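**Student:** data-v3.tsv is the file, holding TSV, C-alpha atoms:
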chain	number	residue	atom	x	y	z
O	1	MET	CA	9.06	-86.20	114.49
O	2	ASN	CA	9.72	-82.82	112.83
O	3	LEU	CA	13.40	-83.29	111.83
O	4	LYS	CA	15.18	-80.70	109.69
O	5	THR	CA	18.68	-80.17	108.36
O	6	TYR	CA	20.77	-77.04	108.17
O	7	LYS	CA	24.33	-76.18	107.20
O	8	LEU	CA	27.11	-74.62	109.21
O	9	GLN	CA	29.38	-71.94	107.72
O	10	ASN	CA	31.98	-74.58	106.94
O	11	GLY	CA	29.40	-76.57	104.95
O	12	GLU	CA	28.86	-79.40	107.42
O	13	VAL	CA	25.29	-80.70	107.83
O	14	ARG	CA	23.51	-80.69	111.20
O	15	TYR	CA	20.07	-81.85	112.35
O	16	LYS	CA	17.46	-80.11	114.52
O	17	PHE	CA	13.87	-80.69	115.65
O	18	HIS	CA	10.92	-78.91	117.34
O	19	ILE	CA	8.87	-80.66	120.00
O	20	TYR	CA	5.64	-79.76	121.79
O	21	ILE	CA	6.20	-79.67	125.55
O	22	GLY	CA	2.76	-78.71	126.89
O	23	THR	CA	0.77	-75.63	127.85
O	24	ASN	CA	2.09	-72.65	129.79
O	25	PRO	CA	0.25	-72.75	133.17
O	26	LEU	CA	0.29	-68.95	133.31
O	27	THR	CA	-0.79	-67.92	129.81
O	28	GLY	CA	-2.55	-71.05	128.54
O	29	LYS	CA	-0.50	-70.92	125.34
O	30	GLU	CA	1.19	-73.92	123.76
O	31	LYS	CA	4.91	-74.28	124.45
O	32	THR	CA	7.54	-75.81	122.15
O	33	THR	CA	11.28	-76.18	122.36
O	34	THR	CA	14.01	-76.63	119.76
O	35	ARG	CA	17.09	-78.84	119.89
O	36	SER	CA	19.87	-78.55	117.31
O	37	GLY	CA	23.51	-79.41	116.60
O	38	PHE	CA	23.07	-83.15	116.01
O	39	LYS	CA	25.57	-84.71	113.61
O	40	SER	CA	23.29	-87.60	112.56
O	41	LYS	CA	19.64	-88.56	112.31
O	42	LYS	CA	20.20	-91.29	114.90
O	43	GLU	CA	21.61	-88.85	117.45
O	44	ALA	CA	18.73	-86.44	116.87
O	45	LYS	CA	16.15	-89.23	117.18
O	46	GLU	CA	17.61	-90.46	120.47
O	47	ALA	CA	17.49	-86.92	121.92
O	48	TYR	CA	13.92	-86.54	120.70
O	49	LEU	CA	12.80	-89.79	122.38
O	50	THR	CA	14.55	-88.81	125.64
O	51	LEU	CA	12.79	-85.44	125.70
O	52	GLN	CA	9.50	-87.08	124.83
O	53	GLN	CA	9.85	-89.41	127.84
O	54	GLU	CA	10.75	-86.50	130.17
O	55	ILE	CA	7.65	-84.64	129.03
O	56	LYS	CA	5.53	-87.74	129.60
O	57	ASN	CA	6.99	-88.23	133.11
O	58	GLY	CA	6.53	-84.56	133.98
O	59	THR	CA	10.22	-84.04	134.69
O	60	PHE	CA	10.95	-81.74	131.76
O	61	GLY	CA	10.93	-77.97	132.27
O	62	LYS	CA	10.63	-78.29	136.01
O	63	VAL	CA	12.17	-74.84	136.37
O	64	ALA	CA	9.65	-72.12	135.55
O	65	LYS	CA	10.81	-69.40	133.19
O	66	ASP	CA	7.94	-67.01	133.83
O	67	THR	CA	8.60	-63.62	135.39
O	68	TYR	CA	7.43	-62.45	138.80
O	69	ARG	CA	5.25	-59.85	137.07
O	70	GLU	CA	3.45	-62.53	135.00
O	71	VAL	CA	2.64	-64.51	138.12
O	72	TYR	CA	1.57	-61.31	139.89
O	73	ASP	CA	-0.89	-60.53	137.07
O	74	LEU	CA	-2.62	-63.85	137.67
O	75	TRP	CA	-2.51	-63.57	141.45
O	76	ILE	CA	-3.92	-60.02	141.57
O	77	GLU	CA	-6.86	-61.02	139.36
O	78	ASN	CA	-7.80	-63.71	141.87
O	79	TYR	CA	-7.00	-61.50	144.88
O	80	GLU	CA	-9.44	-58.81	143.71
O	81	ASN	CA	-12.32	-61.21	144.30
O	82	THR	CA	-11.34	-61.84	147.93
O	83	VAL	CA	-11.06	-58.32	149.40
O	84	GLU	CA	-12.87	-54.98	149.51
O	85	ASP	CA	-12.24	-52.42	146.78
O	86	SER	CA	-10.39	-50.16	149.23
O	87	THR	CA	-8.02	-52.99	150.24
O	88	PHE	CA	-7.49	-53.95	146.61
O	89	LEU	CA	-6.59	-50.37	145.69
O	90	LYS	CA	-4.12	-50.12	148.58
O	91	THR	CA	-2.53	-53.44	147.62
O	92	THR	CA	-2.05	-52.56	143.95
O	93	ARG	CA	-0.39	-49.29	144.95
O	94	ILE	CA	2.07	-51.15	147.19
O	95	PHE	CA	2.98	-53.47	144.33
O	96	GLN	CA	3.28	-50.70	141.73
O	97	ASN	CA	5.34	-48.42	144.00
O	98	HIS	CA	7.62	-50.91	145.73
O	99	ILE	CA	7.40	-54.59	144.83
O	100	LEU	CA	7.16	-54.74	141.02
O	101	PRO	CA	10.01	-52.25	140.48
O	102	ALA	CA	12.19	-54.60	142.55
O	103	PHE	CA	10.97	-58.06	141.48
O	104	GLY	CA	8.88	-57.62	138.34
O	105	ASP	CA	11.49	-58.57	135.71
O	106	TYR	CA	13.06	-61.50	137.58
O	107	ARG	CA	12.37	-65.01	136.32
O	108	ILE	CA	10.40	-66.26	139.28
O	109	ALA	CA	12.33	-69.52	139.46
O	110	ASN	CA	15.60	-67.59	139.77
O	111	ILE	CA	14.48	-65.62	142.83
O	112	ASP	CA	16.26	-67.02	145.87
O	113	THR	CA	16.48	-66.00	149.52
O	114	ALA	CA	19.53	-63.81	148.88
O	115	ILE	CA	17.62	-61.71	146.33
O	116	CYS	CA	14.63	-61.42	148.65
O	117	GLN	CA	16.85	-60.45	151.57
O	118	LYS	CA	18.54	-57.73	149.49
O	119	HIS	CA	15.27	-56.04	148.60
O	120	VAL	CA	13.79	-56.40	152.10
O	121	ASN	CA	16.92	-54.69	153.46
O	122	GLN	CA	16.45	-51.87	150.95
O	123	TRP	CA	12.77	-51.47	151.89
O	124	ALA	CA	13.70	-51.38	155.59
O	125	LYS	CA	15.95	-48.38	155.01
O	126	LYS	CA	13.25	-46.24	153.42
O	127	LEU	CA	9.86	-47.67	154.44
O	128	GLU	CA	8.41	-47.64	157.94
O	129	ARG	CA	6.05	-50.52	157.12
O	130	PHE	CA	8.55	-52.64	155.21
O	131	ARG	CA	7.31	-55.81	156.92
O	132	MET	CA	3.91	-55.37	155.30
O	133	VAL	CA	5.54	-54.86	151.87
O	134	LYS	CA	7.58	-58.05	152.37
O	135	ASN	CA	4.43	-60.02	153.30
O	136	TYR	CA	2.61	-58.85	150.17
O	137	ALA	CA	5.59	-59.76	147.96
O	138	ALA	CA	5.60	-63.24	149.50
O	139	LEU	CA	1.92	-63.79	148.60
O	140	VAL	CA	2.81	-64.01	144.90
O	141	MET	CA	5.39	-66.68	145.71
O	142	LYS	CA	2.77	-68.62	147.70
O	143	TYR	CA	0.47	-68.43	144.70
O	144	ALA	CA	3.25	-69.81	142.47
O	145	MET	CA	3.76	-72.71	144.91
O	146	LYS	CA	0.04	-73.45	145.02
O	147	HIS	CA	-0.04	-73.75	141.22
O	148	GLY	CA	3.05	-75.90	140.94
O	149	ILE	CA	5.28	-73.18	139.50
O	150	LEU	CA	7.63	-73.19	142.50
O	151	GLU	CA	8.51	-75.79	145.11
O	152	LYS	CA	9.34	-73.39	147.96
O	153	ASN	CA	8.93	-69.76	148.98
O	154	PRO	CA	12.33	-67.98	149.27
O	155	PHE	CA	10.79	-65.32	151.54
O	156	GLU	CA	10.37	-67.88	154.33
O	157	LEU	CA	14.08	-67.71	155.18
O	158	VAL	CA	14.39	-63.93	155.01
O	159	GLU	CA	15.52	-62.28	158.26
O	160	LEU	CA	13.74	-59.03	159.07
O	161	PRO	CA	16.18	-56.18	159.77
O	162	VAL	CA	16.03	-54.50	163.16
O	163	ILE	CA	15.70	-50.75	162.70
O	164	LYS	CA	17.89	-48.93	165.17
O	165	LYS	CA	16.63	-45.51	166.10
O	166	LYS	CA	19.29	-42.85	166.29
O	167	ILE	CA	19.21	-40.24	169.02
O	168	ASN	CA	20.03	-36.71	168.01
O	169	LEU	CA	21.94	-35.27	170.97
O	170	ASP	CA	21.63	-31.77	169.57
O	171	ASP	CA	17.84	-31.84	169.52
O	172	ASP	CA	15.98	-31.81	172.82
O	173	ASP	CA	12.54	-31.31	171.27
O	174	GLU	CA	10.05	-34.11	171.85
O	175	GLU	CA	8.62	-35.94	168.87
O	176	PHE	CA	5.27	-34.56	167.73
O	177	GLU	CA	2.44	-36.39	169.42
O	178	ASN	CA	-0.82	-36.27	167.52
O	179	PHE	CA	-3.23	-35.68	170.38
O	180	TYR	CA	-4.37	-32.91	172.71
O	181	THR	CA	-4.33	-32.60	176.47
O	182	ARG	CA	-7.61	-31.76	178.20
O	183	GLU	CA	-6.70	-28.06	178.27
O	184	GLN	CA	-5.68	-28.02	174.60
O	185	LEU	CA	-8.91	-29.72	173.56
O	186	LEU	CA	-11.03	-27.20	175.47
O	187	GLU	CA	-9.16	-24.34	173.76
O	188	PHE	CA	-9.68	-26.03	170.37
O	189	LEU	CA	-13.43	-26.39	170.97
O	190	THR	CA	-13.72	-22.77	172.16
O	191	CYS	CA	-12.08	-21.53	168.96
O	192	LEU	CA	-14.45	-23.71	166.92
O	193	GLU	CA	-17.44	-22.01	168.50
O	194	ILE	CA	-15.92	-18.58	167.85
O	195	ASP	CA	-15.74	-19.33	164.11
O	196	LYS	CA	-19.45	-20.28	164.07
O	197	ASN	CA	-19.22	-22.67	161.10
O	198	ILE	CA	-21.93	-25.05	162.24
O	199	LYS	CA	-20.97	-27.92	159.94
O	200	ARG	CA	-17.34	-27.93	161.06
O	201	ILE	CA	-18.33	-27.49	164.69
O	202	ALA	CA	-20.56	-30.56	164.39
O	203	VAL	CA	-17.85	-32.59	162.60
O	204	PHE	CA	-15.03	-31.89	165.04
O	205	TYR	CA	-17.18	-32.06	168.16
O	206	LEU	CA	-18.36	-35.46	166.98
O	207	LEU	CA	-14.80	-36.71	166.33
O	208	ALA	CA	-13.56	-35.40	169.67
O	209	PHE	CA	-16.45	-36.69	171.79
O	210	SER	CA	-17.05	-40.03	170.06
O	211	GLY	CA	-13.55	-41.17	169.10
O	212	MET	CA	-14.87	-42.49	165.79
O	213	ARG	CA	-12.74	-42.61	162.66
O	214	LYS	CA	-13.36	-39.78	160.22
O	215	GLY	CA	-14.38	-42.34	157.57
O	216	GLU	CA	-17.06	-43.59	159.98
O	217	ALA	CA	-18.25	-40.04	160.69
O	218	PHE	CA	-18.65	-39.21	157.00
O	219	ALA	CA	-20.58	-42.44	156.43
O	220	LEU	CA	-23.25	-41.60	159.03
O	221	ARG	CA	-26.85	-41.15	157.96
O	222	TRP	CA	-29.33	-39.20	160.05
O	223	ASN	CA	-31.21	-42.38	160.91
O	224	ASP	CA	-28.01	-43.63	162.60
O	225	ILE	CA	-28.38	-40.93	165.26
O	226	ASN	CA	-30.92	-41.45	168.05
O	227	PHE	CA	-31.44	-38.00	169.55
O	228	GLU	CA	-33.85	-39.31	172.19
O	229	GLU	CA	-31.55	-42.03	173.55
O	230	ASN	CA	-28.29	-40.04	173.01
O	231	GLU	CA	-26.90	-42.85	170.86
O	232	ILE	CA	-25.07	-43.20	167.56
O	233	ARG	CA	-24.98	-46.41	165.54
O	234	ILE	CA	-21.67	-46.91	163.71
O	235	ASN	CA	-21.98	-49.65	161.10
O	236	LYS	CA	-20.22	-48.36	157.97
O	237	ALA	CA	-17.35	-46.22	156.75
O	238	VAL	CA	-16.30	-44.29	153.65
O	239	LYS	CA	-13.94	-46.39	151.55
O	240	ARG	CA	-11.82	-45.52	148.54
O	241	GLY	CA	-11.93	-48.04	145.67
O	242	LYS	CA	-10.70	-48.03	142.09
O	243	ASN	CA	-13.99	-46.41	141.02
O	244	GLY	CA	-13.98	-43.73	143.72
O	245	LEU	CA	-15.59	-43.36	147.15
O	246	TYR	CA	-18.20	-45.81	148.45
O	247	LEU	CA	-19.77	-46.91	151.75
O	248	GLY	CA	-18.42	-50.16	153.14
O	249	PRO	CA	-18.13	-51.90	156.52
O	250	THR	CA	-16.18	-50.46	159.44
O	251	LYS	CA	-12.50	-51.32	159.79
O	252	ASN	CA	-13.12	-54.31	162.07
O	253	GLY	CA	-16.34	-55.25	160.30
O	254	ASP	CA	-18.46	-55.08	163.45
O	255	PRO	CA	-21.20	-52.48	164.07
O	256	ARG	CA	-21.30	-50.71	167.43
O	257	THR	CA	-23.65	-48.30	169.19
O	258	ILE	CA	-22.17	-45.68	171.51
O	259	LYS	CA	-23.51	-43.00	173.81
O	260	ILE	CA	-22.85	-39.40	172.88
O	261	ASP	CA	-22.99	-36.19	174.95
O	262	GLY	CA	-25.83	-33.69	174.81
O	263	LYS	CA	-23.80	-30.75	173.51
O	264	THR	CA	-22.53	-32.67	170.48
O	265	LEU	CA	-26.11	-33.74	169.75
O	266	GLN	CA	-27.23	-30.10	169.94
O	267	TYR	CA	-24.66	-29.13	167.31
O	268	LEU	CA	-25.68	-32.09	165.16
O	269	ALA	CA	-29.34	-31.05	165.39
O	270	ALA	CA	-28.41	-27.47	164.46
O	271	TRP	CA	-26.43	-28.72	161.47
O	272	LYS	CA	-29.33	-30.94	160.37
O	273	GLU	CA	-31.57	-27.88	160.24
O	274	GLU	CA	-28.93	-25.82	158.42
O	275	GLN	CA	-28.27	-28.64	155.93
O	276	ALA	CA	-31.95	-28.88	155.05
O	277	LYS	CA	-32.10	-25.13	154.32
O	278	LEU	CA	-28.95	-25.15	152.18
O	279	PHE	CA	-30.03	-28.03	149.97
O	280	LYS	CA	-33.66	-26.94	149.77
O	281	ALA	CA	-32.44	-23.80	148.03
O	282	ASN	CA	-30.97	-26.10	145.37
O	283	GLY	CA	-34.10	-28.22	145.10
O	284	ILE	CA	-32.71	-31.18	147.08
O	285	ASN	CA	-34.80	-32.90	149.77
O	286	THR	CA	-32.65	-34.04	152.69
O	287	ASN	CA	-35.55	-35.56	154.62
O	288	THR	CA	-34.88	-39.12	153.46
O	289	LYS	CA	-33.70	-42.28	155.22
O	290	LYS	CA	-30.46	-42.42	153.22
O	291	GLN	CA	-29.48	-38.79	153.78
O	292	LEU	CA	-25.83	-38.49	154.83
O	293	VAL	CA	-25.10	-36.35	157.88
O	294	PHE	CA	-21.99	-34.76	156.34
O	295	SER	CA	-22.50	-34.93	152.58
O	296	ASN	CA	-20.46	-32.87	150.12
O	297	VAL	CA	-21.79	-29.81	148.26
O	298	TYR	CA	-23.46	-32.10	145.70
O	299	ASN	CA	-25.08	-34.16	148.49
O	300	GLY	CA	-22.81	-37.09	147.70
O	301	ILE	CA	-20.18	-38.84	149.80
O	302	GLN	CA	-17.76	-36.39	151.38
O	303	ASP	CA	-14.07	-37.20	150.96
O	304	PRO	CA	-12.71	-37.72	154.53
O	305	ASN	CA	-9.48	-35.97	153.51
O	306	LYS	CA	-11.48	-32.75	153.31
O	307	THR	CA	-10.75	-32.34	157.04
O	308	VAL	CA	-7.17	-31.37	156.15
O	309	GLN	CA	-8.43	-28.32	154.21
O	310	TRP	CA	-10.67	-27.39	157.12
O	311	LEU	CA	-8.15	-27.88	159.93
O	312	THR	CA	-4.94	-26.37	158.58
O	313	PRO	CA	-6.11	-22.75	158.13
O	314	PHE	CA	-8.25	-22.99	161.28
O	315	LEU	CA	-5.29	-24.02	163.48
O	316	GLU	CA	-3.08	-21.32	161.96
O	317	LYS	CA	-5.73	-18.65	162.42
O	318	HIS	CA	-6.09	-19.37	166.15
O	319	SER	CA	-2.40	-20.26	166.76
O	320	LEU	CA	-3.32	-23.73	168.01
O	321	GLU	CA	-1.04	-26.75	168.28
O	322	HIS	CA	-1.08	-28.88	165.15
O	323	ILE	CA	-3.40	-31.89	165.19
O	324	THR	CA	-5.09	-34.02	162.55
O	325	ALA	CA	-8.66	-35.28	162.47
O	326	HIS	CA	-7.35	-38.70	163.47
O	327	GLY	CA	-5.52	-36.96	166.32
O	328	LEU	CA	-8.92	-36.14	167.85
O	329	ARG	CA	-9.50	-39.90	168.01
O	330	HIS	CA	-6.15	-40.24	169.82
O	331	THR	CA	-7.25	-37.43	172.14
O	332	HIS	CA	-10.56	-39.11	172.93
O	333	CYS	CA	-8.75	-42.33	173.77
O	334	SER	CA	-6.09	-40.81	176.03
O	335	LEU	CA	-8.66	-38.69	177.90
O	336	LEU	CA	-10.87	-41.72	178.40
O	337	PHE	CA	-7.96	-43.46	180.11
O	338	GLU	CA	-7.23	-40.35	182.15
O	339	ALA	CA	-10.88	-40.24	183.23
O	340	GLY	CA	-10.62	-43.82	184.49
O	341	ALA	CA	-12.27	-45.83	181.68
O	342	SER	CA	-11.28	-49.49	181.45
O	343	ILE	CA	-9.35	-50.95	178.52
O	344	LYS	CA	-12.41	-52.95	177.45
O	345	GLU	CA	-14.60	-49.83	177.47
O	346	VAL	CA	-12.12	-47.92	175.32
O	347	GLN	CA	-11.67	-50.88	172.98
O	348	PHE	CA	-15.42	-51.11	172.29
O	349	ARG	CA	-15.98	-47.37	171.98
O	350	LEU	CA	-13.19	-46.96	169.43
O	351	GLY	CA	-14.09	-50.12	167.52
O	352	HIS	CA	-10.79	-51.96	167.88
O	353	ARG	CA	-10.80	-55.64	166.93
O	354	ASP	CA	-8.74	-56.62	169.96
O	355	VAL	CA	-7.30	-55.14	173.13
O	356	LYS	CA	-3.75	-55.28	171.75
O	357	THR	CA	-4.60	-52.60	169.19
O	358	THR	CA	-5.93	-50.35	171.94
O	359	LEU	CA	-2.73	-50.77	173.94
O	360	ASP	CA	-0.27	-50.64	171.03
O	361	VAL	CA	-1.65	-47.67	169.14
O	362	TYR	CA	-2.61	-45.58	172.14
O	363	ALA	CA	0.20	-46.40	174.58
O	364	HIS	CA	1.06	-42.70	174.66
O	365	VAL	CA	-0.93	-40.75	177.26
O	366	THR	CA	-1.32	-37.12	178.20
O	367	LYS	CA	1.42	-35.21	180.02
O	368	LYS	CA	-0.73	-35.17	183.12
O	369	ALA	CA	-1.04	-38.94	183.15
O	370	LYS	CA	2.71	-39.28	182.58
O	371	SER	CA	3.53	-36.99	185.49
O	372	GLU	CA	1.15	-38.87	187.80
O	373	THR	CA	2.83	-42.21	187.13
O	374	ILE	CA	5.80	-41.59	189.46
O	375	ASP	CA	3.47	-40.12	192.10
O	376	LYS	CA	1.41	-43.30	192.11
O	377	PHE	CA	4.57	-45.39	192.47
O	378	THR	CA	5.96	-43.24	195.29
O	379	ASN	CA	2.66	-43.11	197.18
O	380	PHE	CA	2.26	-46.87	196.94
O	381	LEU	CA	5.84	-47.50	198.08
O	382	ASN	CA	5.56	-45.11	201.04
O	383	GLU	CA	2.03	-46.06	202.07
O	384	ASN	CA	3.05	-48.02	205.17
O	385	ASP	CA	6.51	-46.58	205.77
O	386	PRO	CA	6.48	-43.91	208.54
O	387	ILE	CA	10.16	-43.07	207.91
O	388	ALA	CA	9.53	-42.44	204.21
O	389	LYS	CA	6.45	-40.42	205.07
O	390	GLY	CA	8.49	-38.25	207.36
O	391	LEU	CA	11.12	-37.72	204.70
O	392	THR	CA	8.58	-36.61	202.15
O	393	LYS	CA	6.96	-33.94	204.33
O	394	ASP	CA	9.65	-31.42	203.48
Once you've parsed the file, please lay out its structure as structure tokens.
**Tutor:**
Amino acid sequence: MNLKTYKLQNGEVRYKFHIYIGTNPLTGKEKTTTRSGFKSKKEAKEAYLTLQQEIKNGTFGKVAKDTYREVYDLWIENYENTVEDSTFLKTTRIFQNHILPAFGDYRIANIDTAICQKHVNQWAKKLERFRMVKNYAALVMKYAMKHGILEKNPFELVELPVIKKKINLDDDDEEFENFYTREQLLEFLTCLEIDKNIKRIAVFYLLAFSGMRKGEAFALRWNDINFEENEIRINKAVKRGKNGLYLGPTKNGDPRTIKIDGKTLQYLAAWKEEQAKLFKANGINTNTKKQLVFSNVYNGIQDPNKTVQWLTPFLEKHSLEHITAHGLRHTHCSLLFEAGASIKEVQFRLGHRDVKTTLDVYAHVTKKAKSETIDKFTNFLNENDPIAKGLTKD
């Protein structure tokens, strides 16, 4: 027993001791605690023996004093080994931008449901995907429970706020919908051909007529395209990790092979020929199995966000309705439905993991399909009603 004496300002003697209480489960460092203020050796010894027994029984220090950030540092190190680089990068950004500023300095044992509810409410006011942020924040708590730092997860009792959309009575404009009608798409494609940039024609024709994600398009190699069978194999996508761009699996992890139209294949073939000429002038051979279809100027992986730089001035030049590269995927989907394709067909072609995604994300349809909905209802209702038929003749 490490017993020491010290004097108060009034000259009275007091006793204190240090005691080893174990190893910090987070840092691996030894932990000690000090007790002081004892008026006699006997009193100090009794307190020492009581603490010693608590440590032996595992009841001492039950409340963790480590911060949320310290637990996060351990969790994120383990999490990195369980996900793709692109997912890891996205997750760390969510924590750095939203979660750690809110929770980082709290002692993790002091975080209760009220604190969690407060921050979830704040996220709900400014973040569209606040539920996802809340779920990520809760993962650190689950990690703390798994390692015996906490007994329960305070996020489990948090109530998710319901976001009430306000209607602006002074604004009759419809919300921007990121897809084209059939007529708008045809105008877009016509303007593409007028500009005669073969690479961009091939890129946007491919996105519009395949419905693939732009990350999937920029991950294509020439040996993924079967010009004889009019097929394209989609089995990878451009990902963004902490070390830059790389080729990884598709979003749902499953490869798919889809049919593609002849005109898009013609533009792809023309671009293949043009690409070979451009790089040959720089001493680069593009006739290899690993050659990317849409490589960058250094023949490396093209950043998918490059489409923004291509589209913005192009749309302004031709006075076209605004759309993004991903909007061409929306367009492909809505026009497939308008053409009579089944949900299962659309789901497979677009590479959705389940039908729910197809229905949820692409519930919006073209104006033509919207206008036909009431016609279908009325025609069905009046099909066997001669009175109703007579009324509708006028």
**Student:** Which of these, O:Thr190, O:Asn287, O:Thr87, O:Thr250, has the shortest distance to Arg221 (chain O) once you count all atoms listed in the file?
**Tutor:**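 Of O:Thr190, O:Asn287, O:Thr87, O:Thr250, the one nearest Arg221 (chain O) is O:Asn287, counting all atoms listed in the file.
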**Student:** If we count all atoms listed in the file, what is near Ser36 (chain O) at a cut-off of 9 Å, once residues fewer than 3 positions away on the same chain are taken out, given as an MDAnalysis selection string?
**Tutor:** chainID O and resid 14:18 44
**Student:** Taking all atoms listed in the file into account, name the residue in O:Phe348, O:Tyr246, O:Tyr205, O:Tyr180 that is nearest to Pro304 (chain O).
**Tutor:**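 Looking at the shortest contact to Pro304 (chain O), the residue is O:Tyr246.
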**Student:** Find the nearest atom pair between each residue of region 249-300 of chain O and region 191-202 of chain O for residues within 6 Å, count all atoms listed in the file, give distances in Å to one decimal, sort rows by chain and ascending number, and present the table as a Markdown table.
**Tutor:**
| residue | atom | partner | partner_atom | distance |
| --- | --- | --- | --- | --- |
| O:Tyr267 | CA | O:Ala202 | CA | 5.2 |
| O:Leu268 | CA | O:Ala202 | CA | 5.4 |
| O:Trp271 | CA | O:Lys199 | CA | 5.7 |
**Student:** Generate the output file for the selected residues, C-alpha atoms, as a PDB file, in the frame of the given file.
**Tutor:**
ATOM      1  CA  TYR O 267     -24.660 -29.130 167.310  1.00  0.00           C
ATOM      2  CA  LEU O 268     -25.680 -32.090 165.160  1.00  0.00           C
ATOM      3  CA  TRP O 271     -26.430 -28.720 161.470  1.00  0.00           C
TER       4      TRP O 271
END
**Student:** In Å to one decimal, how far is CA of Ile260 (chain O) from CA of Gly300 (chain O)?
**Tutor:**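 That distance, rounded to one decimal, is 25.3 Å.
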